[in-house]
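The next block is upload_24.txt, given as compact mmCIF, C-alpha atoms.
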```txt
# COMPACT_ATOMS: atom_id res chain seq x y z
CA MET A 1 -28.94 -3.42 0.28
CA ALA A 2 -26.63 -0.89 -1.35
CA SER A 3 -24.97 -1.71 -4.66
CA ALA A 4 -21.19 -1.73 -5.02
CA THR A 5 -19.39 1.59 -4.57
CA ALA A 6 -18.45 3.35 -7.81
CA SER A 7 -14.94 3.14 -9.20
CA GLN A 8 -12.84 6.25 -9.89
CA THR A 9 -9.50 6.63 -11.63
CA ILE A 10 -6.29 5.76 -9.78
CA GLY A 11 -4.92 9.04 -11.18
CA PRO A 12 -1.33 9.98 -12.06
CA PHE A 13 -0.01 10.16 -8.49
CA TRP A 14 -0.68 6.63 -7.23
CA HIS A 15 3.09 6.10 -6.89
CA LEU A 16 2.72 7.50 -3.38
CA ILE A 17 1.65 3.99 -2.38
CA GLU A 18 4.14 2.26 -4.64
CA ASP A 19 6.70 -0.13 -3.24
CA PRO A 20 8.85 -1.23 -6.19
CA GLU A 21 9.59 -4.51 -4.39
CA TRP A 22 5.99 -5.57 -4.99
CA ALA A 23 6.92 -6.32 -8.60
CA ASP A 24 9.07 -9.20 -7.33
CA LEU A 25 6.74 -11.91 -6.08
CA THR A 26 9.70 -14.08 -5.12
CA ARG A 27 11.07 -11.62 -2.54
CA PHE A 28 9.75 -13.55 0.47
CA GLY A 29 11.72 -16.63 -0.53
CA ALA A 30 9.22 -18.44 -2.73
CA ALA A 31 10.48 -21.76 -4.05
CA GLY A 32 9.83 -22.99 -7.58
CA PRO A 33 10.58 -22.24 -11.22
CA GLN A 34 10.86 -18.49 -11.69
CA VAL A 35 9.73 -16.45 -14.66
CA THR A 36 9.96 -12.80 -15.65
CA LEU A 37 7.02 -11.15 -17.38
CA THR A 38 7.57 -7.87 -19.18
CA GLY A 39 5.66 -5.75 -21.64
CA ALA A 40 4.61 -2.26 -22.55
CA VAL A 41 1.26 -0.52 -22.22
CA VAL A 42 0.36 1.75 -25.14
CA ASP A 43 -2.59 4.03 -25.85
CA GLY A 44 -4.70 4.38 -29.00
CA ASP A 45 -1.95 6.36 -30.76
CA GLY A 46 0.64 3.74 -29.88
CA ASN A 47 2.22 6.10 -27.35
CA PRO A 48 3.54 4.59 -24.13
CA VAL A 49 1.32 4.85 -21.07
CA THR A 50 3.90 6.03 -18.57
CA ASP A 51 1.83 6.42 -15.41
CA ALA A 52 -0.04 3.11 -15.15
CA ALA A 53 -0.14 0.58 -12.35
CA VAL A 54 -0.11 -2.97 -13.67
CA GLU A 55 -1.17 -5.60 -11.15
CA LEU A 56 -0.56 -9.32 -11.48
CA TRP A 57 -2.58 -11.99 -9.71
CA GLN A 58 -2.16 -15.73 -10.05
CA SER A 59 -4.16 -18.38 -8.26
CA ASP A 60 -1.41 -20.92 -8.81
CA PRO A 61 0.87 -21.74 -7.10
CA PRO A 62 -1.42 -20.94 -4.15
CA ALA A 63 -0.37 -17.87 -2.16
CA ASP A 64 1.29 -18.44 1.21
CA ASP A 65 3.66 -16.60 3.53
CA ARG A 66 6.53 -17.00 1.09
CA PHE A 67 4.59 -16.29 -2.08
CA PRO A 68 2.05 -13.43 -2.20
CA GLY A 69 0.59 -14.39 -5.61
CA PHE A 70 0.09 -10.68 -6.19
CA GLY A 71 2.40 -8.03 -7.59
CA ARG A 72 2.25 -4.45 -8.77
CA SER A 73 4.55 -2.74 -11.26
CA ARG A 74 4.63 0.82 -12.47
CA THR A 75 5.05 1.51 -16.17
CA ASP A 76 8.18 3.52 -16.96
CA GLU A 77 8.86 6.24 -19.55
CA ALA A 78 8.63 3.57 -22.28
CA GLY A 79 5.40 2.17 -20.87
CA ARG A 80 7.26 -0.92 -19.68
CA PHE A 81 6.30 -3.03 -16.69
CA GLN A 82 8.13 -6.05 -15.29
CA PHE A 83 7.33 -8.81 -12.81
CA LYS A 84 9.41 -11.60 -11.37
CA THR A 85 7.29 -14.47 -10.15
CA LEU A 86 6.74 -18.23 -10.15
CA LYS A 87 5.50 -20.02 -13.24
CA PRO A 88 1.82 -20.86 -12.77
CA GLY A 89 0.42 -24.28 -13.51
CA PRO A 90 -3.02 -25.21 -14.86
CA VAL A 91 -6.03 -24.44 -12.66
CA PRO A 92 -9.59 -25.74 -12.72
CA GLY A 93 -12.16 -23.95 -14.84
CA ARG A 94 -15.92 -24.19 -14.67
CA GLY A 95 -17.51 -27.58 -14.87
CA ASN A 96 -14.89 -30.15 -15.84
CA ALA A 97 -12.80 -27.69 -17.82
CA GLN A 98 -9.10 -27.18 -17.21
CA GLN A 99 -7.60 -23.72 -17.69
CA ALA A 100 -4.18 -23.25 -19.24
CA PRO A 101 -1.55 -21.59 -17.03
CA HIS A 102 -2.13 -17.83 -16.92
CA PHE A 103 -1.74 -14.60 -15.02
CA ALA A 104 -4.53 -12.09 -14.49
CA LEU A 105 -3.35 -8.56 -15.28
CA THR A 106 -5.18 -5.49 -14.03
CA ILE A 107 -4.39 -2.08 -15.54
CA LEU A 108 -5.13 1.05 -13.55
CA ALA A 109 -4.19 4.51 -14.82
CA ARG A 110 -5.13 8.12 -15.29
CA GLY A 111 -7.86 8.06 -17.94
CA LEU A 112 -9.19 4.70 -16.76
CA LEU A 113 -12.22 5.39 -14.59
CA LYS A 114 -12.27 1.69 -13.76
CA ALA A 115 -9.74 -1.08 -14.02
CA LEU A 116 -9.09 -3.00 -17.22
CA VAL A 117 -8.49 -6.70 -16.67
CA THR A 118 -6.83 -9.07 -19.10
CA ARG A 119 -4.84 -12.30 -18.95
CA ALA A 120 -1.38 -13.44 -19.98
CA TYR A 121 -1.11 -17.06 -21.16
CA PHE A 122 2.14 -18.69 -22.30
CA ALA A 123 2.86 -19.37 -25.97
CA GLY A 124 3.34 -23.04 -26.74
CA GLU A 125 1.40 -24.45 -23.77
CA PRO A 126 -0.56 -27.46 -25.05
CA LEU A 127 -3.48 -26.59 -22.78
CA ASN A 128 -3.95 -23.28 -24.62
CA GLU A 129 -5.77 -25.22 -27.35
CA THR A 130 -8.57 -26.21 -25.01
CA ASP A 131 -8.57 -23.27 -22.61
CA PRO A 132 -12.19 -22.03 -22.33
CA LEU A 133 -11.36 -18.32 -22.62
CA LEU A 134 -8.82 -18.64 -25.44
CA SER A 135 -11.11 -20.99 -27.37
CA SER A 136 -13.99 -18.55 -27.09
CA ILE A 137 -12.17 -15.82 -29.03
CA GLU A 138 -12.57 -16.48 -32.73
CA ASP A 139 -10.31 -13.81 -34.22
CA PRO A 140 -6.73 -15.21 -34.07
CA ALA A 141 -5.20 -11.73 -33.88
CA ARG A 142 -7.35 -10.83 -30.89
CA ARG A 143 -6.75 -14.19 -29.23
CA ALA A 144 -3.00 -13.64 -29.63
CA THR A 145 -3.21 -10.51 -27.47
CA LEU A 146 -3.75 -12.79 -24.49
CA VAL A 147 -0.64 -14.89 -25.09
CA ALA A 148 2.83 -13.89 -23.89
CA ALA A 149 5.71 -14.67 -26.24
CA ALA A 150 8.98 -16.27 -25.15
CA ASP A 151 11.59 -13.53 -24.78
CA GLY A 152 14.68 -15.42 -23.66
CA ILE A 153 15.12 -18.10 -21.04
CA ASP A 154 12.29 -17.97 -18.52
CA ARG A 155 11.33 -14.53 -19.84
CA TRP A 156 7.97 -13.75 -21.35
CA ARG A 157 6.65 -10.64 -23.01
CA ILE A 158 3.13 -9.35 -23.50
CA ASP A 159 2.20 -5.87 -24.71
CA ILE A 160 -1.07 -4.25 -23.76
CA ARG A 161 -2.82 -2.07 -26.31
CA LEU A 162 -5.57 -0.10 -24.64
CA GLN A 163 -7.28 0.99 -27.86
CA ARG A 164 -7.22 -0.02 -31.49
CA GLY A 165 -5.96 2.59 -33.94
CA PRO A 166 -3.76 2.98 -37.02
CA GLN A 167 -0.62 2.36 -34.92
CA THR A 168 -1.88 -0.29 -32.55
CA GLN A 169 -4.23 -2.14 -34.91
CA THR A 170 -5.37 -4.95 -32.65
CA GLU A 171 -6.68 -3.97 -29.26
CA THR A 172 -5.89 -6.23 -26.31
CA VAL A 173 -8.79 -8.43 -25.22
CA PHE A 174 -10.14 -6.99 -21.98
CA LEU A 175 -12.42 -8.99 -19.78
CA ASP A 176 -15.81 -8.19 -18.37
CA LEU A 177 -15.68 -9.62 -14.90
CA MET B 5 -10.86 -21.67 -1.27
CA GLU B 6 -13.92 -19.57 -2.00
CA THR B 7 -15.21 -20.38 -5.48
CA ILE B 8 -18.56 -18.57 -5.53
CA PRO B 9 -18.71 -16.05 -8.40
CA PHE B 10 -19.40 -12.37 -7.82
CA ARG B 11 -22.57 -10.68 -9.04
CA PRO B 12 -22.61 -8.26 -11.97
CA PHE B 13 -22.57 -4.55 -11.16
CA ALA B 14 -25.92 -2.79 -10.91
CA PRO B 15 -26.59 -0.67 -14.04
CA GLY B 16 -25.63 3.01 -13.74
CA THR B 17 -23.48 2.57 -10.66
CA GLN B 18 -20.09 2.43 -12.39
CA PRO B 19 -18.44 4.97 -14.73
CA PRO B 20 -17.85 4.14 -18.41
CA TYR B 21 -14.39 3.73 -19.93
CA ASP B 22 -15.20 6.42 -22.50
CA ALA B 23 -16.13 9.64 -20.73
CA PRO B 24 -15.81 12.51 -23.25
CA ALA B 25 -15.63 15.24 -20.58
CA TYR B 26 -12.57 13.56 -19.04
CA GLY B 27 -9.88 14.08 -21.66
CA SER B 28 -7.50 11.35 -20.54
CA THR B 29 -10.08 8.70 -21.45
CA HIS B 30 -10.00 9.60 -25.18
CA LYS B 31 -6.96 7.54 -26.13
CA ARG B 32 -7.12 5.07 -23.26
CA HIS B 33 -10.57 3.53 -23.50
CA PRO B 34 -11.11 0.23 -25.30
CA GLN B 35 -13.24 0.35 -28.43
CA GLU B 36 -13.85 -3.36 -28.71
CA ALA B 37 -16.51 -4.94 -26.54
CA LEU B 38 -15.16 -6.50 -23.38
CA VAL B 39 -15.20 -10.30 -23.39
CA ARG B 40 -17.40 -11.65 -20.65
CA LEU B 41 -15.54 -14.09 -18.45
CA PRO B 42 -17.52 -16.35 -16.14
CA HIS B 43 -15.62 -16.33 -12.88
CA THR B 44 -13.10 -19.05 -12.18
CA ILE B 45 -10.73 -19.49 -9.28
CA THR B 46 -8.56 -16.73 -10.77
CA GLU B 47 -11.38 -14.19 -10.35
CA THR B 48 -12.90 -15.48 -7.10
CA SER B 49 -9.62 -15.68 -5.19
CA GLY B 50 -7.32 -12.80 -4.36
CA PRO B 51 -4.26 -11.75 -2.43
CA ARG B 52 -3.88 -11.61 1.33
CA PHE B 53 -1.67 -9.02 2.94
CA PRO B 54 -0.22 -10.29 6.24
CA ALA B 55 0.32 -7.23 8.43
CA ALA B 56 3.79 -8.53 9.33
CA GLN B 57 4.84 -8.20 5.69
CA PHE B 58 2.71 -5.14 4.91
CA PRO B 59 2.71 -3.09 8.13
CA PRO B 60 -0.13 -0.64 8.80
CA LEU B 61 0.49 3.11 8.45
CA PRO B 62 -2.59 4.58 10.13
CA ASP B 63 -1.51 8.22 10.61
CA LEU B 64 -0.70 10.46 7.64
CA SER B 65 -0.70 13.64 9.72
CA VAL B 66 2.69 13.23 11.44
CA VAL B 67 6.23 12.59 10.20
CA ASP B 68 8.98 12.01 12.78
CA GLY B 69 6.76 13.41 15.51
CA LYS B 70 6.14 16.67 13.64
CA ALA B 71 2.59 17.61 12.74
CA ALA B 72 1.56 18.34 9.17
CA LEU B 73 -0.09 21.65 8.35
CA GLY B 74 -3.82 21.73 7.73
CA GLU B 75 -7.09 20.58 9.17
CA ARG B 76 -6.60 17.28 11.04
CA ILE B 77 -9.25 14.68 10.26
CA ILE B 78 -10.18 11.17 11.31
CA VAL B 79 -11.79 9.04 8.60
CA HIS B 80 -13.53 5.80 9.43
CA GLY B 81 -16.16 3.56 7.97
CA ARG B 82 -17.28 0.04 7.35
CA ILE B 83 -16.56 -2.16 4.36
CA THR B 84 -19.27 -4.65 3.49
CA ASP B 85 -20.38 -6.56 0.43
CA GLU B 86 -23.69 -5.95 -1.34
CA ASP B 87 -25.42 -8.31 1.09
CA GLY B 88 -24.24 -6.23 4.03
CA ARG B 89 -21.69 -8.79 5.16
CA ALA B 90 -18.59 -7.29 6.74
CA ILE B 91 -15.30 -7.69 4.90
CA PRO B 92 -12.92 -8.41 7.75
CA ARG B 93 -9.13 -7.94 7.92
CA THR B 94 -8.83 -6.56 4.41
CA ILE B 95 -6.16 -4.07 3.37
CA VAL B 96 -7.10 -0.43 2.63
CA GLU B 97 -4.54 1.69 0.78
CA ILE B 98 -4.84 5.47 1.00
CA TRP B 99 -3.08 8.38 -0.72
CA GLN B 100 -3.84 12.06 -1.13
CA ALA B 101 -2.65 15.63 -1.67
CA ASN B 102 -1.58 17.76 1.29
CA ALA B 103 -3.61 20.63 2.74
CA ALA B 104 -2.34 22.96 0.02
CA GLY B 105 -3.46 20.65 -2.77
CA ARG B 106 0.00 19.32 -3.63
CA TYR B 107 1.06 15.69 -3.94
CA GLN B 108 4.51 14.69 -2.75
CA HIS B 109 5.17 13.39 -6.25
CA PRO B 110 7.73 14.47 -8.88
CA ALA B 111 5.06 14.74 -11.58
CA ASP B 112 2.93 17.18 -9.55
CA GLN B 113 3.98 20.62 -10.75
CA HIS B 114 1.18 22.59 -9.08
CA ASP B 115 2.67 25.76 -7.60
CA ALA B 116 1.61 25.05 -4.02
CA PRO B 117 3.88 24.24 -1.06
CA THR B 118 4.94 20.72 -0.18
CA ASP B 119 4.84 19.76 3.49
CA PRO B 120 7.69 17.61 4.82
CA ASN B 121 5.56 16.65 7.81
CA PHE B 122 2.72 15.25 5.76
CA ARG B 123 2.96 11.65 4.65
CA GLY B 124 0.81 11.30 1.58
CA GLU B 125 0.24 7.56 1.92
CA GLY B 126 -1.38 5.29 4.46
CA ARG B 127 -2.39 1.67 4.92
CA VAL B 128 -4.89 0.21 7.36
CA TYR B 129 -6.80 -3.04 7.78
CA THR B 130 -10.43 -3.59 8.61
CA ASP B 131 -11.21 -5.27 11.92
CA ALA B 132 -13.31 -8.42 12.37
CA ASN B 133 -16.48 -6.39 11.68
CA GLY B 134 -15.22 -4.58 8.60
CA TRP B 135 -14.36 -1.25 10.26
CA TYR B 136 -11.34 0.83 9.22
CA LYS B 137 -9.99 4.09 10.62
CA PHE B 138 -7.09 6.46 9.97
CA THR B 139 -5.91 9.98 10.78
CA SER B 140 -4.94 12.50 8.14
CA ILE B 141 -5.18 16.12 6.99
CA LYS B 142 -8.03 17.39 4.87
CA PRO B 143 -6.63 17.47 1.32
CA GLY B 144 -6.76 20.70 -0.65
CA ALA B 145 -8.30 21.24 -4.07
CA TYR B 146 -5.87 21.54 -6.96
CA PRO B 147 -5.90 22.54 -10.62
CA TRP B 148 -5.52 20.03 -13.41
CA ARG B 149 -5.39 20.61 -17.11
CA ASN B 150 -8.45 18.70 -18.23
CA HIS B 151 -10.13 21.89 -19.45
CA HIS B 152 -9.78 25.63 -18.87
CA ASN B 153 -9.70 26.41 -15.14
CA ALA B 154 -10.32 22.82 -14.11
CA TRP B 155 -10.01 22.07 -10.37
CA ARG B 156 -10.36 18.73 -8.64
CA PRO B 157 -12.60 18.72 -5.57
CA ASN B 158 -11.03 17.72 -2.24
CA HIS B 159 -10.58 13.97 -2.32
CA ILE B 160 -8.73 11.01 -0.84
CA HIS B 161 -7.74 8.05 -3.04
CA PHE B 162 -8.58 4.56 -1.76
CA SER B 163 -7.68 1.06 -2.92
CA PHE B 164 -9.54 -2.06 -1.75
CA PHE B 165 -8.93 -5.72 -2.49
CA GLY B 166 -11.74 -7.58 -0.78
CA ALA B 167 -11.64 -11.36 -1.01
CA GLY B 168 -11.25 -11.92 -4.76
CA LEU B 169 -9.82 -10.31 -7.89
CA ALA B 170 -13.29 -9.38 -9.16
CA GLN B 171 -13.89 -7.37 -5.95
CA ARG B 172 -10.88 -5.11 -6.53
CA LEU B 173 -11.90 -1.46 -6.22
CA VAL B 174 -9.90 1.74 -6.64
CA THR B 175 -11.88 4.91 -6.05
CA GLN B 176 -11.93 8.35 -4.45
CA MET B 177 -13.72 9.72 -1.40
CA TYR B 178 -15.06 13.26 -1.53
CA PHE B 179 -16.14 15.73 1.17
CA PRO B 180 -19.66 16.99 1.83
CA GLY B 181 -20.69 20.40 0.53
CA ASP B 182 -17.81 20.77 -1.93
CA PRO B 183 -19.02 23.10 -4.71
CA LEU B 184 -16.42 21.66 -7.11
CA LEU B 185 -18.19 18.30 -7.19
CA GLU B 186 -20.81 19.44 -9.66
CA LEU B 187 -18.05 20.65 -12.00
CA ASP B 188 -15.79 17.60 -11.81
CA PRO B 189 -15.77 15.24 -14.84
CA VAL B 190 -14.29 12.41 -12.79
CA PHE B 191 -17.01 12.52 -10.13
CA LEU B 192 -19.71 13.19 -12.73
CA SER B 193 -18.62 10.16 -14.77
CA VAL B 194 -20.70 7.96 -12.48
CA PRO B 195 -24.12 7.93 -14.16
CA GLU B 196 -26.44 7.51 -11.19
CA GLU B 197 -26.79 10.36 -8.72
CA GLY B 198 -27.29 7.96 -5.84
CA ALA B 199 -24.07 6.14 -6.70
CA ARG B 200 -22.23 9.46 -6.89
CA SER B 201 -23.56 10.59 -3.53
CA ARG B 202 -22.16 7.45 -1.92
CA LEU B 203 -18.66 8.63 -2.86
CA VAL B 204 -19.13 11.57 -0.48
CA CYS B 205 -18.30 11.05 3.19
CA LYS B 206 -20.38 12.46 6.06
CA LEU B 207 -19.33 14.53 9.03
CA ASP B 208 -19.42 12.20 12.03
CA MET B 209 -19.42 13.78 15.48
CA THR B 210 -19.19 10.34 17.11
CA VAL B 211 -15.55 10.04 16.01
CA THR B 212 -14.76 13.76 16.07
CA GLU B 213 -12.32 14.27 18.95
CA PRO B 214 -12.80 17.46 20.96
CA GLU B 215 -9.88 19.90 20.70
CA TRP B 216 -8.20 17.52 18.23
CA ALA B 217 -9.76 16.46 14.92
CA LEU B 218 -12.96 16.42 12.88
CA GLY B 219 -14.34 12.97 12.13
CA TYR B 220 -15.83 11.73 8.88
CA ARG B 221 -17.54 8.47 8.04
CA TRP B 222 -17.35 6.77 4.67
CA ASP B 223 -18.80 3.30 4.13
CA VAL B 224 -17.74 1.23 1.15
CA VAL B 225 -19.58 -1.61 -0.57
CA LEU B 226 -17.75 -4.27 -2.58
CA ARG B 227 -19.48 -6.68 -4.94
CA GLY B 228 -21.60 -9.44 -3.43
CA ARG B 229 -21.49 -13.12 -4.31
CA GLU B 230 -23.94 -15.05 -6.44
CA ALA B 231 -26.38 -17.19 -4.53
CA THR B 232 -24.96 -20.51 -5.61
CA PRO B 233 -21.46 -21.90 -6.10
CA MET B 234 -20.28 -22.45 -9.64
CA GLU B 235 -20.27 -26.00 -10.94
CA GLY B 236 -17.26 -28.14 -10.33
```
If you took the structure in this file and wrote it as structure tokens, what would it be?
Amino acid sequence: MASATASQTIGPFWHLIEDPEWADLTRFGAAGPQVTLTGAVVDGDGNPVTDAAVELWQSDPPADDRFPGFGRSRTDEAGRFQFKTLKPGPVPGRGNAQQAPHFALTILARGLLKALVTRAYFAGEPLNETDPLLSSIEDPARRATLVAAADGIDRWRIDIRLQRGPQTQTETVFLDL
Amino acid sequence: METIPFRPFAPGTQPPYDAPAYGSTHKRHPQEALVRLPHTITETSGPRFPAAQFPPLPDLSVVDGKAALGERIIVHGRITDEDGRAIPRTIVEIWQANAAGRYQHPADQHDAPTDPNFRGEGRVYTDANGWYKFTSIKPGAYPWRNHHNAWRPNHIHFSFFGAGLAQRLVTQMYFPGDPLLELDPVFLSVPEEGARSRLVCKLDMTVTEPEWALGYRWDVVLRGREATPMEG
């Protein structure tokens, strides 16, 4: 059988398929506590990545007709993305493990021949202490790249640094899926 | 809910993050090793796109009943996983340049004409057996500033979701016999020749419509599942 088809970059003109409404996962009338997630994507020089697609997926609450569970945001001239969605709860991990509430974030852009995937957890969640992924990352500075900081009421912020460098210092933890 | 993990990619079939010949990768590729994440429900599940909320747009070649300029084409193919199992009713997103090699996009400054009758985006769904199909215009080649006199080969952008986050695939389909392929750092970033060749569609006379449009076939393979479910 054939192996999986090769990835290629999304390129700078993917906005042709963009619907800005996709960044609002509550637009179909989803019920539940809402949160806003924002952040900026920067390159190895600390410059904003202005042409990226950032995609959010959450397996909790489960997707249904009123809640797609999936969103896509462009990055703007400051590299900023923003999602409005429902706060996720804990989900099962492997074995008997419990995972702390999190979003999966996928970054697609010119210069990325394949997607980069990371996660956004929530600062202060007690389950973060025992989350299998967070616990597996020994360097506290690197582990912190996976945790969104409170940025006002029901607002969370996480910046994504594609590459370490003098300006960015700590590179975001990206996941090998 | 499907909780069977996906298999790792076969070596050599996927491009690297750091591809020196493709300049935009220089400041955008990670330098730290990726952290391996055994798949959980977050990676094995993925979004669904009900057609009522995300309506299909299967014809890029006409806007308001007016035909776009260029060579009309029909592109079809089958989406399966690595075990050959069809991926049914999955969304396929499509976007591309017009026949002159120009995107209907404010950042595209290539001095080539736009075409108000060409819609540069499409969206289709596979049927119960994994088949998709849409009508478009053959995209033109266009210059980009990666290196002196750099030109992208004719290509159509595709986005696939499959059944789970780890199956997400964004890629490009190329056309057979394009002499620019062997000069293109994006295409050449895929290490294995066989994997590169599977990015190139084939002329398909079975869907070519006489006096109307040339047909092309392009099959796509998304990652397969591991043999056994994960624990728990």
Using only C-alpha atoms and a cutoff of 9 Å, can you tell me which residues are near (-12.1, -22.4, -15.0) in the file's coordinates, and write them out as a PyMOL selection string? (chain A and resi 91-99+131-133) or (chain B and resi 42-46)
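Nearest residue to Asn121 (chain B), choosing from B:Leu185, B:Val211, B:Ala72, B:Ala55 and counting only C-alpha atoms: B:Ala72.
Proximity of B:Thr84, B:Arg52, B:Leu64, B:Asn158 to Ala104 (chain B), computed with only C-alpha atoms, is greatest for B:Asn158.
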Could you build a table of the residues in chain A lying no more than 7 Å from chain B, giving for each the nearest pair of atoms and their separation in Å rounded to one decimal place, using all atoms listed in the file, ordered by chain and ascending residue number, as a Markdown table?
```
| residue | atom | partner | partner_atom | distance |
| --- | --- | --- | --- | --- |
| A:Met1 | CA | B:Glu86 | CA | 6.0 |
| A:Ala2 | CA | B:Glu86 | CA | 5.9 |
| A:Ser3 | CA | B:Glu86 | CA | 5.5 |
| A:Ala4 | CA | B:Val225 | CA | 4.7 |
| A:Thr5 | CA | B:Val225 | CA | 5.1 |
| A:Ala6 | CA | B:Gln18 | CA | 5.0 |
| A:Ser7 | CA | B:Thr175 | CA | 4.7 |
| A:Gln8 | CA | B:Thr175 | CA | 4.2 |
| A:Thr9 | CA | B:Thr175 | CA | 6.3 |
| A:Ile10 | CA | B:Val174 | CA | 6.2 |
| A:Phe13 | CA | B:His109 | CA | 6.5 |
| A:Leu16 | CA | B:Glu125 | CA | 5.9 |
| A:Ile17 | CA | B:Glu125 | CA | 5.8 |
| A:Asp43 | CA | B:Arg32 | CA | 5.3 |
| A:Gly44 | CA | B:Lys31 | CA | 4.8 |
| A:Asp45 | CA | B:Lys31 | CA | 6.9 |
| A:Gln58 | CA | B:Thr46 | CA | 6.5 |
| A:Ser59 | CA | B:Thr46 | CA | 5.3 |
| A:Pro68 | CA | B:Pro51 | CA | 6.5 |
| A:Gly69 | CA | B:Pro51 | CA | 6.4 |
| A:Phe70 | CA | B:Pro51 | CA | 5.8 |
| A:Gly93 | CA | B:Thr44 | CA | 5.7 |
| A:Arg94 | CA | B:Glu235 | CA | 6.0 |
| A:Gly95 | CA | B:Gly236 | CA | 4.6 |
| A:Asn96 | CA | B:Gly236 | CA | 6.3 |
| A:Arg110 | CA | B:Ser28 | CA | 6.6 |
| A:Gly111 | CA | B:Thr29 | CA | 4.2 |
| A:Leu112 | CA | B:Tyr21 | CA | 6.2 |
| A:Leu113 | CA | B:Tyr21 | CA | 6.0 |
| A:Lys114 | CA | B:Tyr21 | CA | 6.8 |
| A:Leu162 | CA | B:Arg32 | CA | 5.6 |
| A:Gln163 | CA | B:Pro34 | CA | 4.7 |
| A:Arg164 | CA | B:Gln35 | CA | 6.8 |
| A:Val173 | CA | B:Leu38 | CA | 6.9 |
| A:Phe174 | CA | B:Leu38 | CA | 5.2 |
| A:Leu175 | CA | B:Val39 | CA | 4.7 |
| A:Asp176 | CA | B:Arg40 | CA | 4.4 |
| A:Leu177 | CA | B:Leu41 | CA | 5.7 |
```
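Closest to Asp139 (chain A) among A:Thr118, A:Gln167, A:Thr50, A:Thr172 is A:Thr172, based on only C-alpha atoms.
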At what distance in Å, to one decimal, does CA of Ile153 (chain A) lie from CA of Lys84 (chain A)? 13.0 Å
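Shortest separation to Arg119 (chain A) among A:Ala104, A:Ala23, A:Ala141, A:Leu134 occurs at residue A:Ala104, atoms counted being all atoms listed in the file.
Atom pair CA of Phe28 (chain A) / CA of Arg66 (chain A): separated by 4.8 Å.
By all atoms listed in the file, and with residues fewer than 5 positions from Gly124 (chain A) along its chain excluded, the set lying at most 10 Å from it is A:Glu129, A:Val147, A:Ala148, A:Ala149, A:Ala150.
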At a cut-off of 7 Å, using only C-alpha atoms, what residues contact His102 (chain A)? Leave out same-chain residues fewer than 3 positions from it and give the result as a PDB file with C-alpha atoms, in the coordinates of the input.
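Saved as selection-v6.pdb:
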```pdb
ATOM      1  CA  PRO A  88       1.820 -20.860 -12.770  1.00  0.00           C
ATOM      2  CA  ARG A 119      -4.840 -12.300 -18.950  1.00  0.00           C
ATOM      3  CA  ALA A 120      -1.380 -13.440 -19.980  1.00  0.00           C
ATOM      4  CA  TYR A 121      -1.110 -17.060 -21.160  1.00  0.00           C
ATOM      5  CA  PHE A 122       2.140 -18.690 -22.300  1.00  0.00           C
TER       6      PHE A 122
END
```
Leu108 (chain A): which residues within 7 Å, counting only C-alpha atoms, same-chain residues fewer than 4 positions away excluded, as number ranges by chain? A: 10, 52-54, 112, 115-116
What would region 19-29 of chain B look like with N, CA and C atoms restored, written as a PDB file, keeping the file's coordinate frame?
```pdb
ATOM      1  N   PRO B  19     -18.724   4.070 -13.600  1.00  0.00           N
ATOM      2  CA  PRO B  19     -18.440   4.970 -14.730  1.00  0.00           C
ATOM      3  C   PRO B  19     -18.127   4.167 -15.990  1.00  0.00           C
ATOM      4  N   PRO B  20     -18.248   4.796 -17.166  1.00  0.00           N
ATOM      5  CA  PRO B  20     -17.850   4.140 -18.410  1.00  0.00           C
ATOM      6  C   PRO B  20     -16.336   4.267 -18.603  1.00  0.00           C
ATOM      7  N   TYR B  21     -15.790   3.508 -19.556  1.00  0.00           N
ATOM      8  CA  TYR B  21     -14.390   3.730 -19.930  1.00  0.00           C
ATOM      9  C   TYR B  21     -14.260   5.006 -20.765  1.00  0.00           C
ATOM     10  N   ASP B  22     -15.243   5.248 -21.613  1.00  0.00           N
ATOM     11  CA  ASP B  22     -15.200   6.420 -22.500  1.00  0.00           C
ATOM     12  C   ASP B  22     -16.059   7.520 -21.898  1.00  0.00           C
ATOM     13  N   ALA B  23     -15.412   8.520 -21.337  1.00  0.00           N
ATOM     14  CA  ALA B  23     -16.130   9.640 -20.730  1.00  0.00           C
ATOM     15  C   ALA B  23     -15.618  10.909 -21.407  1.00  0.00           C
ATOM     16  N   PRO B  24     -16.334  11.412 -22.421  1.00  0.00           N
ATOM     17  CA  PRO B  24     -15.810  12.510 -23.250  1.00  0.00           C
ATOM     18  C   PRO B  24     -15.367  13.750 -22.452  1.00  0.00           C
ATOM     19  N   ALA B  25     -16.015  14.044 -21.334  1.00  0.00           N
ATOM     20  CA  ALA B  25     -15.630  15.240 -20.580  1.00  0.00           C
ATOM     21  C   ALA B  25     -14.310  15.063 -19.832  1.00  0.00           C
ATOM     22  N   TYR B  26     -13.842  13.839 -19.726  1.00  0.00           N
ATOM     23  CA  TYR B  26     -12.570  13.560 -19.040  1.00  0.00           C
ATOM     24  C   TYR B  26     -11.555  13.190 -20.123  1.00  0.00           C
ATOM     25  N   GLY B  27     -10.722  14.184 -20.477  1.00  0.00           N
ATOM     26  CA  GLY B  27      -9.880  14.080 -21.660  1.00  0.00           C
ATOM     27  C   GLY B  27      -8.965  12.869 -21.700  1.00  0.00           C
ATOM     28  N   SER B  28      -8.454  12.458 -20.548  1.00  0.00           N
ATOM     29  CA  SER B  28      -7.500  11.350 -20.540  1.00  0.00           C
ATOM     30  C   SER B  28      -8.131  10.023 -20.958  1.00  0.00           C
ATOM     31  N   THR B  29      -9.457   9.951 -21.018  1.00  0.00           N
ATOM     32  CA  THR B  29     -10.080   8.700 -21.450  1.00  0.00           C
ATOM     33  C   THR B  29     -10.036   8.538 -22.967  1.00  0.00           C
TER      34      THR B  29
END
```
